[in-house]
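Here is the structure we will look at, set down as structure tokens.
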Amino acid sequence: MSRVYIGWAEESITPEKKVSLAGQFAERISEYVEKPLTVTAMAVECGGDQMIMISCDLTSVTRLLTDEVRKLVSEKNPEIDPSKIMMCAIHTHTAYATKGVRRSAELAGDTKSYKDLIKESILPGQKYIEKAKVSDNPEIQTKEEAFNLVSAQAAKAALKAWENREEASFANAFDRAAVGMCRRVDYSDGTAQMWGDANTAVFTELEGGNDSGVELMYCFGRDDALKGIVVNLACPAQCVQHRLFISPDFWGEAKKLIRERFGEDIFVLPLCSAAGDQCPVDLVRWVNPETDVNDPNLIRNNPPVRKADPSMFDLAGMKKAGKRVANAVFDAFDDGIGEKQSEIKFEHLVHKIELPLRRATLTEYNEAVKAIKDYIRNKRGDIDYNDVANLQKYGGIIQRFHTQEKVDAIDLDIHIIRMGSIAFATNPFELFLDYGNQIKARAYCEQTFIVQLCCGTEGYLPTEKAEKHGHYSAFIGSGQVGHEGGDLLVRETLKQINRLFEDDYKVYEYND
């Protein structure tokens with residue numbers, strides 16, 4: 001048992017220029033800043049070990065960006081172990097992308113996207129038309145500029161948090177917020193669709209469950225004053241995901257409300273749990289967006305008017321979701337957070353894991369090549385984001401078929417941390433909820449904080465059920481790894497967590 005030291009810092013990553021907004025098929029350029037984007041760092045030192053977790057108001061964090069931040073930090077302060085620095089994303093779609101590719105593309109030396117493949121298939125006389133001019137546009141931030149901004153500010157936050165560490169205590173807690181819901185709709189023919197229409201007689205069920213649980217950690221300084229709050233929620237920040245402004249989505253609203261209650265100097269570390277098949281939208285009680293979202297998956301023809309949440313594609317819904325998160329933080333605190341931990345067991349494992357690449361068959365490849373050729377040949381006029389959406393299944397298969405000729409597995413780092421009675425477990429995927437639930441249910445610790453999209457961005461990791469049902473998020477090209485790799489990730493994560501807690505593992509005893 002050792003004394004724990006914790007430090008905090010926050011820095012802005014709001015750009016000065018307009019940006020190409022990441023995360024949708026339609027090209028979008030930001031028009032204004034709804035709320036600033038930030039990076040928040042929590043540094044922990046205990047018993048000779050350490051961790052720095054950096055949460056970023058971004059769609060994703062690439063391996064390249066993580067490595068650059070580690071390099072910048074270690075150059076400034078050699079006492080910080082760069083391998084113990086973690087960066088994760090809240091997965092907002094109203095932020096920008098930086099440089100970096102998925103691990104399989106890095107290993108194969110091929111950075112061509114399926115969108116590039118589709119563009120290459122365009123016939124003479126056709127051209128690709130962007131919804132908004134994001135290519136070679138001097139008015140918008142480049143990926144290089146974005147990379148430099150985020151890496152510099154994230155490194156600055158990490159260094160400040162380390163310098164600010166002090167004798168601390170923390171109390172972990174739990175509450176609920178109805179924010180994340182399954183976004184895959186199943187039909188009677190055995191298929192599924194992300195964002196599918198449930199208002200049809202062939203709708204059978206939402207494919208997966210949801211987890212309203214919110215894992216919480218309240219951190220206090222040496223003066224016993226509240227310094228920061230860790231909030232772990234199984235939902236990506238995707239309310240206003242189609243809009244034309246810069247925003248941290250519902251986390252920005254939650255942070256605003258939390259600071260109104262606890263003070264402007266309170267730090268909030270938002271962590272997205274396993275939520276690859278989750279969203280804030282209730283697909284059963286569908287409420288139409290206020291204006292067009294330019295998404296072919298969200299077209300509804302004359303849907304019934306529902307008494308339900310405001311549209312979760314608009315600011316009203318975003319504010320509602322943020323308020324629910326903030327209320328969970330308030331309720332757990334007001335109910336009494338219990339005993340604080342200050343003398344703890346602390347250990348940070350950087351565990352190397354190799355997961356099999358999800359493979360495409362020769363038959364699938366040939367069918368994909370033919371499907372794209374037939375589609376382009378029969379297309380009247382030019383190509384745009386709608387066509388990319390229609391063809392992404394086939395482009396992803398072709399891309400994977402070429403990659404798998406050179407790569408059969410991807411090597412990754414996952415971080416497993418024991419911090420007193422709780423565990424942190426990271427992964428670089430949009431991990432489907434079922435995998436996270438398996439880890440939480442079987443872990444020996446009191447509470448498990450799962451952090452997805454951490455130290456890399458390897459796409460969706462769907463369940464076997466989702467792969468059979470198909471559609472976006474479960475297509476071969478939607479991610480690097482299939483359900484076999486998901487099962488292996490669960491086993492390895494549990495093995496490492498339980499090894500750290502096995503000496504203190506307690507079970508309930510039932511008396512007759």
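FYI, nothing fancy with the structure tokens labels: chains A, B, ... in order, residues from 1 per chain, ligands from 1 as they appear.
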
Surrounding residues of segment 138-142 of chain A excluding itself and chain neighbours under 4 positions, 8 Å, only C-alpha atoms, as an MDAnalysis selection string: chainID A and resid 15 17:20 29 134 146

What's the 7 Å shell around Ser247 of chain A, counting only C-alpha atoms, without same-chain residues fewer than 4 positions away, as a PDB file with all heavy atoms, in the first residue's frame?
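Output saved as out.pdb:
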```
ATOM      1  N   VAL A  33     -17.938  27.787 -33.497  1.00  0.00           N
ATOM      2  CA  VAL A  33     -17.612  26.950 -32.341  1.00  0.00           C
ATOM      3  C   VAL A  33     -18.792  26.982 -31.379  1.00  0.00           C
ATOM      4  O   VAL A  33     -19.115  28.031 -30.818  1.00  0.00           O
ATOM      5  CB  VAL A  33     -16.323  27.436 -31.638  1.00  0.00           C
ATOM      6  CG1 VAL A  33     -16.061  26.609 -30.384  1.00  0.00           C
ATOM      7  CG2 VAL A  33     -15.135  27.364 -32.591  1.00  0.00           C
ATOM      8  N   GLU A  34     -19.449  25.830 -31.219  1.00  0.00           N
ATOM      9  CA  GLU A  34     -20.563  25.747 -30.266  1.00  0.00           C
ATOM     10  C   GLU A  34     -20.030  25.767 -28.840  1.00  0.00           C
ATOM     11  O   GLU A  34     -20.519  26.509 -27.996  1.00  0.00           O
ATOM     12  CB  GLU A  34     -21.374  24.471 -30.535  1.00  0.00           C
ATOM     13  CG  GLU A  34     -22.664  24.357 -29.746  1.00  0.00           C
ATOM     14  CD  GLU A  34     -22.494  23.676 -28.396  1.00  0.00           C
ATOM     15  OE1 GLU A  34     -21.622  22.804 -28.250  1.00  0.00           O
ATOM     16  OE2 GLU A  34     -23.237  24.041 -27.460  1.00  0.00           O
ATOM     17  N   LYS A  35     -19.050  24.933 -28.542  1.00  0.00           N
ATOM     18  CA  LYS A  35     -18.288  24.957 -27.281  1.00  0.00           C
ATOM     19  C   LYS A  35     -16.859  24.572 -27.626  1.00  0.00           C
ATOM     20  O   LYS A  35     -16.614  23.835 -28.582  1.00  0.00           O
ATOM     21  CB  LYS A  35     -18.862  23.982 -26.252  1.00  0.00           C
ATOM     22  CG  LYS A  35     -20.172  24.416 -25.615  1.00  0.00           C
ATOM     23  CD  LYS A  35     -20.542  23.476 -24.470  1.00  0.00           C
ATOM     24  CE  LYS A  35     -21.905  23.845 -23.865  1.00  0.00           C
ATOM     25  NZ  LYS A  35     -23.014  23.494 -24.788  1.00  0.00           N
ATOM     26  N   PRO A  36     -15.883  25.037 -26.843  1.00  0.00           N
ATOM     27  CA  PRO A  36     -14.478  24.748 -27.157  1.00  0.00           C
ATOM     28  C   PRO A  36     -14.153  23.263 -27.026  1.00  0.00           C
ATOM     29  O   PRO A  36     -14.781  22.536 -26.241  1.00  0.00           O
ATOM     30  CB  PRO A  36     -13.695  25.562 -26.114  1.00  0.00           C
ATOM     31  CG  PRO A  36     -14.666  26.518 -25.526  1.00  0.00           C
ATOM     32  CD  PRO A  36     -16.020  25.913 -25.670  1.00  0.00           C
ATOM     33  N   LEU A  37     -13.159  22.822 -27.778  1.00  0.00           N
ATOM     34  CA  LEU A  37     -12.598  21.481 -27.651  1.00  0.00           C
ATOM     35  C   LEU A  37     -11.400  21.542 -26.710  1.00  0.00           C
ATOM     36  O   LEU A  37     -10.616  22.492 -26.757  1.00  0.00           O
ATOM     37  CB  LEU A  37     -12.148  20.948 -29.010  1.00  0.00           C
ATOM     38  CG  LEU A  37     -13.179  20.900 -30.126  1.00  0.00           C
ATOM     39  CD1 LEU A  37     -12.533  20.385 -31.417  1.00  0.00           C
ATOM     40  CD2 LEU A  37     -14.369  20.025 -29.742  1.00  0.00           C
ATOM     41  N   THR A  94     -18.188  16.240 -34.219  1.00  0.00           N
ATOM     42  CA  THR A  94     -18.081  17.672 -34.511  1.00  0.00           C
ATOM     43  C   THR A  94     -16.701  18.168 -34.082  1.00  0.00           C
ATOM     44  O   THR A  94     -16.566  19.173 -33.391  1.00  0.00           O
ATOM     45  CB  THR A  94     -19.217  18.457 -33.818  1.00  0.00           C
ATOM     46  OG1 THR A  94     -19.404  17.947 -32.488  1.00  0.00           O
ATOM     47  CG2 THR A  94     -20.506  18.339 -34.588  1.00  0.00           C
ATOM     48  N   ALA A  95     -15.696  17.412 -34.489  1.00  0.00           N
ATOM     49  CA  ALA A  95     -14.294  17.788 -34.321  1.00  0.00           C
ATOM     50  C   ALA A  95     -13.571  17.367 -35.588  1.00  0.00           C
ATOM     51  O   ALA A  95     -14.197  17.001 -36.585  1.00  0.00           O
ATOM     52  CB  ALA A  95     -13.689  17.124 -33.078  1.00  0.00           C
TER      53      ALA A  95
END
```

Looking only at strand (DSSP E) from DSSP on the backbone, list the matching residues of segment 372-500 of chain A as a PDB file with all heavy atoms, in the first residue's frame.
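What ended up in out02.pdb:
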```
ATOM      1  N   ALA A 409      -2.310 -10.420 -38.749  1.00  0.00           N
ATOM      2  CA  ALA A 409      -2.641 -10.050 -37.368  1.00  0.00           C
ATOM      3  C   ALA A 409      -2.116  -8.647 -37.098  1.00  0.00           C
ATOM      4  O   ALA A 409      -1.222  -8.160 -37.798  1.00  0.00           O
ATOM      5  CB  ALA A 409      -2.027 -11.042 -36.375  1.00  0.00           C
ATOM      6  N   ILE A 410      -2.699  -8.004 -36.102  1.00  0.00           N
ATOM      7  CA  ILE A 410      -2.209  -6.682 -35.698  1.00  0.00           C
ATOM      8  C   ILE A 410      -1.770  -6.747 -34.243  1.00  0.00           C
ATOM      9  O   ILE A 410      -2.422  -7.370 -33.407  1.00  0.00           O
ATOM     10  CB  ILE A 410      -3.267  -5.572 -35.897  1.00  0.00           C
ATOM     11  CG1 ILE A 410      -4.581  -5.889 -35.176  1.00  0.00           C
ATOM     12  CG2 ILE A 410      -3.527  -5.349 -37.374  1.00  0.00           C
ATOM     13  CD1 ILE A 410      -5.582  -4.753 -35.220  1.00  0.00           C
ATOM     14  N   ASP A 411      -0.631  -6.132 -33.966  1.00  0.00           N
ATOM     15  CA  ASP A 411      -0.104  -6.082 -32.606  1.00  0.00           C
ATOM     16  C   ASP A 411      -0.499  -4.761 -31.965  1.00  0.00           C
ATOM     17  O   ASP A 411      -0.372  -3.699 -32.564  1.00  0.00           O
ATOM     18  CB  ASP A 411       1.417  -6.253 -32.610  1.00  0.00           C
ATOM     19  CG  ASP A 411       2.110  -5.218 -33.475  1.00  0.00           C
ATOM     20  OD1 ASP A 411       1.737  -5.100 -34.667  1.00  0.00           O
ATOM     21  OD2 ASP A 411       3.007  -4.508 -32.975  1.00  0.00           O
ATOM     22  N   LEU A 412      -0.999  -4.848 -30.745  1.00  0.00           N
ATOM     23  CA  LEU A 412      -1.539  -3.686 -30.050  1.00  0.00           C
ATOM     24  C   LEU A 412      -1.114  -3.695 -28.591  1.00  0.00           C
ATOM     25  O   LEU A 412      -0.768  -4.742 -28.044  1.00  0.00           O
ATOM     26  CB  LEU A 412      -3.076  -3.706 -30.104  1.00  0.00           C
ATOM     27  CG  LEU A 412      -3.733  -3.803 -31.472  1.00  0.00           C
ATOM     28  CD1 LEU A 412      -5.198  -4.164 -31.314  1.00  0.00           C
ATOM     29  CD2 LEU A 412      -3.584  -2.498 -32.234  1.00  0.00           C
ATOM     30  N   ASP A 413      -1.164  -2.515 -27.974  1.00  0.00           N
ATOM     31  CA  ASP A 413      -0.975  -2.400 -26.536  1.00  0.00           C
ATOM     32  C   ASP A 413      -2.325  -2.109 -25.882  1.00  0.00           C
ATOM     33  O   ASP A 413      -3.084  -1.258 -26.355  1.00  0.00           O
ATOM     34  CB  ASP A 413      -0.025  -1.254 -26.188  1.00  0.00           C
ATOM     35  CG  ASP A 413       1.412  -1.545 -26.583  1.00  0.00           C
ATOM     36  OD1 ASP A 413       1.734  -2.711 -26.837  1.00  0.00           O
ATOM     37  OD2 ASP A 413       2.205  -0.587 -26.652  1.00  0.00           O
ATOM     38  N   ILE A 414      -2.623  -2.846 -24.826  1.00  0.00           N
ATOM     39  CA  ILE A 414      -3.748  -2.484 -23.975  1.00  0.00           C
ATOM     40  C   ILE A 414      -3.188  -2.173 -22.592  1.00  0.00           C
ATOM     41  O   ILE A 414      -2.168  -2.734 -22.191  1.00  0.00           O
ATOM     42  CB  ILE A 414      -4.821  -3.589 -23.907  1.00  0.00           C
ATOM     43  CG1 ILE A 414      -4.240  -4.903 -23.353  1.00  0.00           C
ATOM     44  CG2 ILE A 414      -5.442  -3.810 -25.271  1.00  0.00           C
ATOM     45  CD1 ILE A 414      -5.287  -5.973 -23.128  1.00  0.00           C
ATOM     46  N   HIS A 415      -3.835  -1.258 -21.909  1.00  0.00           N
ATOM     47  CA  HIS A 415      -3.374  -0.837 -20.585  1.00  0.00           C
ATOM     48  C   HIS A 415      -4.340  -1.350 -19.525  1.00  0.00           C
ATOM     49  O   HIS A 415      -5.561  -1.159 -19.632  1.00  0.00           O
ATOM     50  CB  HIS A 415      -3.273   0.685 -20.507  1.00  0.00           C
ATOM     51  CG  HIS A 415      -2.243   1.264 -21.416  1.00  0.00           C
ATOM     52  ND1 HIS A 415      -1.038   1.740 -20.965  1.00  0.00           N
ATOM     53  CD2 HIS A 415      -2.230   1.434 -22.762  1.00  0.00           C
ATOM     54  CE1 HIS A 415      -0.326   2.188 -21.989  1.00  0.00           C
ATOM     55  NE2 HIS A 415      -1.029   2.005 -23.082  1.00  0.00           N
ATOM     56  N   ILE A 416      -3.798  -2.011 -18.527  1.00  0.00           N
ATOM     57  CA  ILE A 416      -4.575  -2.518 -17.396  1.00  0.00           C
ATOM     58  C   ILE A 416      -3.993  -1.885 -16.142  1.00  0.00           C
ATOM     59  O   ILE A 416      -2.805  -2.050 -15.851  1.00  0.00           O
ATOM     60  CB  ILE A 416      -4.506  -4.046 -17.289  1.00  0.00           C
ATOM     61  CG1 ILE A 416      -4.805  -4.712 -18.633  1.00  0.00           C
ATOM     62  CG2 ILE A 416      -5.435  -4.536 -16.187  1.00  0.00           C
ATOM     63  CD1 ILE A 416      -6.199  -4.502 -19.151  1.00  0.00           C
ATOM     64  N   ILE A 417      -4.812  -1.171 -15.409  1.00  0.00           N
ATOM     65  CA  ILE A 417      -4.343  -0.444 -14.224  1.00  0.00           C
ATOM     66  C   ILE A 417      -5.168  -0.838 -13.012  1.00  0.00           C
ATOM     67  O   ILE A 417      -6.401  -0.838 -13.073  1.00  0.00           O
ATOM     68  CB  ILE A 417      -4.441   1.083 -14.431  1.00  0.00           C
ATOM     69  CG1 ILE A 417      -3.547   1.531 -15.608  1.00  0.00           C
ATOM     70  CG2 ILE A 417      -4.066   1.841 -13.177  1.00  0.00           C
ATOM     71  CD1 ILE A 417      -4.317   2.110 -16.741  1.00  0.00           C
ATOM     72  N   ARG A 418      -4.475  -1.182 -11.946  1.00  0.00           N
ATOM     73  CA  ARG A 418      -5.147  -1.304 -10.650  1.00  0.00           C
ATOM     74  C   ARG A 418      -4.925  -0.009  -9.888  1.00  0.00           C
ATOM     75  O   ARG A 418      -3.789   0.430  -9.689  1.00  0.00           O
ATOM     76  CB  ARG A 418      -4.611  -2.474  -9.833  1.00  0.00           C
ATOM     77  CG  ARG A 418      -5.213  -2.453  -8.435  1.00  0.00           C
ATOM     78  CD  ARG A 418      -4.952  -3.639  -7.580  1.00  0.00           C
ATOM     79  NE  ARG A 418      -5.678  -3.493  -6.315  1.00  0.00           N
ATOM     80  CZ  ARG A 418      -5.826  -4.444  -5.406  1.00  0.00           C
ATOM     81  NH1 ARG A 418      -5.310  -5.640  -5.611  1.00  0.00           N
ATOM     82  NH2 ARG A 418      -6.504  -4.218  -4.296  1.00  0.00           N
ATOM     83  N   MET A 419      -5.994   0.606  -9.453  1.00  0.00           N
ATOM     84  CA  MET A 419      -5.924   1.820  -8.656  1.00  0.00           C
ATOM     85  C   MET A 419      -6.837   1.625  -7.452  1.00  0.00           C
ATOM     86  O   MET A 419      -8.039   1.899  -7.509  1.00  0.00           O
ATOM     87  CB  MET A 419      -6.340   3.034  -9.479  1.00  0.00           C
ATOM     88  CG  MET A 419      -6.124   4.363  -8.790  1.00  0.00           C
ATOM     89  SD  MET A 419      -6.308   5.745  -9.946  1.00  0.00           S
ATOM     90  CE  MET A 419      -6.125   7.127  -8.793  1.00  0.00           C
ATOM     91  N   ILE A 422     -10.375  -0.268  -7.865  1.00  0.00           N
ATOM     92  CA  ILE A 422     -10.923  -0.197  -9.219  1.00  0.00           C
ATOM     93  C   ILE A 422      -9.855  -0.551 -10.251  1.00  0.00           C
ATOM     94  O   ILE A 422      -8.660  -0.548  -9.965  1.00  0.00           O
ATOM     95  CB  ILE A 422     -11.505   1.199  -9.532  1.00  0.00           C
ATOM     96  CG1 ILE A 422     -10.385   2.251  -9.622  1.00  0.00           C
ATOM     97  CG2 ILE A 422     -12.530   1.608  -8.484  1.00  0.00           C
ATOM     98  CD1 ILE A 422     -10.870   3.601 -10.090  1.00  0.00           C
ATOM     99  N   ALA A 423     -10.336  -0.843 -11.455  1.00  0.00           N
ATOM    100  CA  ALA A 423      -9.434  -1.130 -12.573  1.00  0.00           C
ATOM    101  C   ALA A 423      -9.799  -0.250 -13.759  1.00  0.00           C
ATOM    102  O   ALA A 423     -10.976   0.071 -13.978  1.00  0.00           O
ATOM    103  CB  ALA A 423      -9.525  -2.597 -12.977  1.00  0.00           C
ATOM    104  N   PHE A 424      -8.764   0.134 -14.505  1.00  0.00           N
ATOM    105  CA  PHE A 424      -8.936   0.737 -15.827  1.00  0.00           C
ATOM    106  C   PHE A 424      -8.465  -0.284 -16.848  1.00  0.00           C
ATOM    107  O   PHE A 424      -7.423  -0.927 -16.659  1.00  0.00           O
ATOM    108  CB  PHE A 424      -8.111   2.018 -15.974  1.00  0.00           C
ATOM    109  CG  PHE A 424      -8.577   3.177 -15.138  1.00  0.00           C
ATOM    110  CD1 PHE A 424      -8.125   3.340 -13.838  1.00  0.00           C
ATOM    111  CD2 PHE A 424      -9.466   4.104 -15.659  1.00  0.00           C
ATOM    112  CE1 PHE A 424      -8.542   4.411 -13.060  1.00  0.00           C
ATOM    113  CE2 PHE A 424      -9.893   5.188 -14.885  1.00  0.00           C
ATOM    114  CZ  PHE A 424      -9.428   5.339 -13.582  1.00  0.00           C
ATOM    115  N   ALA A 425      -9.195  -0.431 -17.937  1.00  0.00           N
ATOM    116  CA  ALA A 425      -8.807  -1.347 -19.010  1.00  0.00           C
ATOM    117  C   ALA A 425      -9.070  -0.657 -20.339  1.00  0.00           C
ATOM    118  O   ALA A 425     -10.203  -0.238 -20.624  1.00  0.00           O
ATOM    119  CB  ALA A 425      -9.597  -2.646 -18.924  1.00  0.00           C
ATOM    120  N   THR A 426      -8.043  -0.522 -21.165  1.00  0.00           N
ATOM    121  CA  THR A 426      -8.175   0.219 -22.416  1.00  0.00           C
ATOM    122  C   THR A 426      -8.173  -0.715 -23.619  1.00  0.00           C
ATOM    123  O   THR A 426      -7.717  -1.851 -23.555  1.00  0.00           O
ATOM    124  CB  THR A 426      -7.043   1.245 -22.584  1.00  0.00           C
ATOM    125  OG1 THR A 426      -5.834   0.569 -23.002  1.00  0.00           O
ATOM    126  CG2 THR A 426      -6.782   2.021 -21.314  1.00  0.00           C
ATOM    127  N   GLU A 430     -13.752   0.733 -31.453  1.00  0.00           N
ATOM    128  CA  GLU A 430     -15.131   1.033 -31.098  1.00  0.00           C
ATOM    129  C   GLU A 430     -15.717  -0.325 -30.721  1.00  0.00           C
ATOM    130  O   GLU A 430     -16.287  -1.038 -31.542  1.00  0.00           O
ATOM    131  CB  GLU A 430     -15.872   1.673 -32.273  1.00  0.00           C
ATOM    132  CG  GLU A 430     -15.416   3.092 -32.579  1.00  0.00           C
ATOM    133  CD  GLU A 430     -16.248   3.749 -33.661  1.00  0.00           C
ATOM    134  OE1 GLU A 430     -17.448   4.036 -33.398  1.00  0.00           O
ATOM    135  OE2 GLU A 430     -15.725   3.957 -34.761  1.00  0.00           O
ATOM    136  N   LEU A 431     -15.542  -0.662 -29.473  1.00  0.00           N
ATOM    137  CA  LEU A 431     -15.801  -2.006 -28.973  1.00  0.00           C
ATOM    138  C   LEU A 431     -17.283  -2.182 -28.678  1.00  0.00           C
ATOM    139  O   LEU A 431     -17.880  -1.388 -27.947  1.00  0.00           O
ATOM    140  CB  LEU A 431     -14.984  -2.234 -27.701  1.00  0.00           C
ATOM    141  CG  LEU A 431     -14.939  -3.647 -27.140  1.00  0.00           C
ATOM    142  CD1 LEU A 431     -14.170  -4.581 -28.060  1.00  0.00           C
ATOM    143  CD2 LEU A 431     -14.300  -3.634 -25.750  1.00  0.00           C
ATOM    144  N   GLN A 447     -14.899  -2.276  -9.334  1.00  0.00           N
ATOM    145  CA  GLN A 447     -15.459  -1.465 -10.405  1.00  0.00           C
ATOM    146  C   GLN A 447     -14.461  -1.446 -11.558  1.00  0.00           C
ATOM    147  O   GLN A 447     -13.246  -1.366 -11.341  1.00  0.00           O
ATOM    148  CB  GLN A 447     -15.700  -0.040  -9.897  1.00  0.00           C
ATOM    149  CG  GLN A 447     -16.825   0.698 -10.551  1.00  0.00           C
ATOM    150  CD  GLN A 447     -17.161   1.971  -9.802  1.00  0.00           C
ATOM    151  OE1 GLN A 447     -16.535   2.322  -8.802  1.00  0.00           O
ATOM    152  NE2 GLN A 447     -18.163   2.684 -10.276  1.00  0.00           N
ATOM    153  N   THR A 448     -14.964  -1.530 -12.799  1.00  0.00           N
ATOM    154  CA  THR A 448     -14.098  -1.537 -13.970  1.00  0.00           C
ATOM    155  C   THR A 448     -14.427  -0.349 -14.861  1.00  0.00           C
ATOM    156  O   THR A 448     -15.571  -0.210 -15.308  1.00  0.00           O
ATOM    157  CB  THR A 448     -14.262  -2.840 -14.782  1.00  0.00           C
ATOM    158  OG1 THR A 448     -14.103  -3.958 -13.925  1.00  0.00           O
ATOM    159  CG2 THR A 448     -13.223  -2.908 -15.895  1.00  0.00           C
ATOM    160  N   PHE A 449     -13.423   0.492 -15.115  1.00  0.00           N
ATOM    161  CA  PHE A 449     -13.540   1.618 -16.031  1.00  0.00           C
ATOM    162  C   PHE A 449     -12.943   1.173 -17.371  1.00  0.00           C
ATOM    163  O   PHE A 449     -11.723   1.043 -17.492  1.00  0.00           O
ATOM    164  CB  PHE A 449     -12.784   2.837 -15.496  1.00  0.00           C
ATOM    165  CG  PHE A 449     -13.403   3.493 -14.289  1.00  0.00           C
ATOM    166  CD1 PHE A 449     -13.542   2.815 -13.088  1.00  0.00           C
ATOM    167  CD2 PHE A 449     -13.848   4.805 -14.364  1.00  0.00           C
ATOM    168  CE1 PHE A 449     -14.099   3.422 -11.976  1.00  0.00           C
ATOM    169  CE2 PHE A 449     -14.406   5.435 -13.248  1.00  0.00           C
ATOM    170  CZ  PHE A 449     -14.535   4.733 -12.057  1.00  0.00           C
ATOM    171  N   ILE A 450     -13.791   0.907 -18.344  1.00  0.00           N
ATOM    172  CA  ILE A 450     -13.321   0.499 -19.673  1.00  0.00           C
ATOM    173  C   ILE A 450     -13.187   1.738 -20.537  1.00  0.00           C
ATOM    174  O   ILE A 450     -14.081   2.588 -20.575  1.00  0.00           O
ATOM    175  CB  ILE A 450     -14.283  -0.522 -20.291  1.00  0.00           C
ATOM    176  CG1 ILE A 450     -14.261  -1.818 -19.462  1.00  0.00           C
ATOM    177  CG2 ILE A 450     -13.918  -0.810 -21.751  1.00  0.00           C
ATOM    178  CD1 ILE A 450     -15.251  -2.851 -19.897  1.00  0.00           C
ATOM    179  N   VAL A 451     -12.070   1.837 -21.242  1.00  0.00           N
ATOM    180  CA  VAL A 451     -11.774   3.019 -22.055  1.00  0.00           C
ATOM    181  C   VAL A 451     -11.505   2.568 -23.481  1.00  0.00           C
ATOM    182  O   VAL A 451     -10.472   1.980 -23.783  1.00  0.00           O
ATOM    183  CB  VAL A 451     -10.558   3.787 -21.505  1.00  0.00           C
ATOM    184  CG1 VAL A 451     -10.398   5.110 -22.252  1.00  0.00           C
ATOM    185  CG2 VAL A 451     -10.694   4.026 -20.002  1.00  0.00           C
ATOM    186  N   TYR A 460     -14.427  -0.493 -35.662  1.00  0.00           N
ATOM    187  CA  TYR A 460     -15.393  -1.249 -34.869  1.00  0.00           C
ATOM    188  C   TYR A 460     -14.881  -2.659 -34.588  1.00  0.00           C
ATOM    189  O   TYR A 460     -14.179  -3.265 -35.398  1.00  0.00           O
ATOM    190  CB  TYR A 460     -16.717  -1.371 -35.621  1.00  0.00           C
ATOM    191  CG  TYR A 460     -17.471  -0.071 -35.756  1.00  0.00           C
ATOM    192  CD1 TYR A 460     -17.331   0.720 -36.898  1.00  0.00           C
ATOM    193  CD2 TYR A 460     -18.325   0.369 -34.755  1.00  0.00           C
ATOM    194  CE1 TYR A 460     -18.026   1.923 -37.041  1.00  0.00           C
ATOM    195  CE2 TYR A 460     -19.026   1.559 -34.886  1.00  0.00           C
ATOM    196  CZ  TYR A 460     -18.868   2.330 -36.027  1.00  0.00           C
ATOM    197  OH  TYR A 460     -19.556   3.512 -36.158  1.00  0.00           O
ATOM    198  N   LEU A 461     -15.279  -3.196 -33.422  1.00  0.00           N
ATOM    199  CA  LEU A 461     -15.041  -4.602 -33.127  1.00  0.00           C
ATOM    200  C   LEU A 461     -16.396  -5.214 -32.790  1.00  0.00           C
ATOM    201  O   LEU A 461     -16.869  -5.147 -31.660  1.00  0.00           O
ATOM    202  CB  LEU A 461     -14.049  -4.780 -31.976  1.00  0.00           C
ATOM    203  CG  LEU A 461     -13.262  -6.111 -32.013  1.00  0.00           C
ATOM    204  CD1 LEU A 461     -12.146  -6.132 -30.995  1.00  0.00           C
ATOM    205  CD2 LEU A 461     -14.144  -7.324 -31.857  1.00  0.00           C
TER     206      LEU A 461
END
```

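Among A:Ala168, A:Thr98, A:Tyr435, A:Tyr114, the residue with the shortest atom-to-atom distance to Ala368 of chain A, counting only C-alpha atoms, is A:Tyr114.
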
field: Test item, alpha helix (DSSP H) assignment across segment 185-422 of chain A, answer as number ranges by chain
entry: A: 250-262, 315-334, 362-378, 385-403

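Restricting the calculation to only C-alpha atoms, the smallest distance between Thr361 of chain A and any of A:Ala9, A:Ile476, A:Ile258, A:Ala441 is found for A:Ile476.
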
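Across the model, the gap from atom CA of Ile337 of chain A to atom CA of Asp223 of chain A is 17.4 Å.
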
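By only C-alpha atoms, and with residues fewer than 4 positions from Thr291 of chain A along its chain excluded, the set lying at most 10 Å from it is Arg243, Phe313 and Asp314 of chain A.
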
statement: Counting only C-alpha atoms, closest pick from A:Ala443, A:Leu123, A:Leu355, A:Ala152 relative to Asp487 of chain A is A:Leu355

message: Calculated over only C-alpha atoms, which of the candidates A:Asn297, A:Gln50, A:Asn302, A:Asn77 has the smallest distance to Gly196 of chain A?
response: A:Asn297
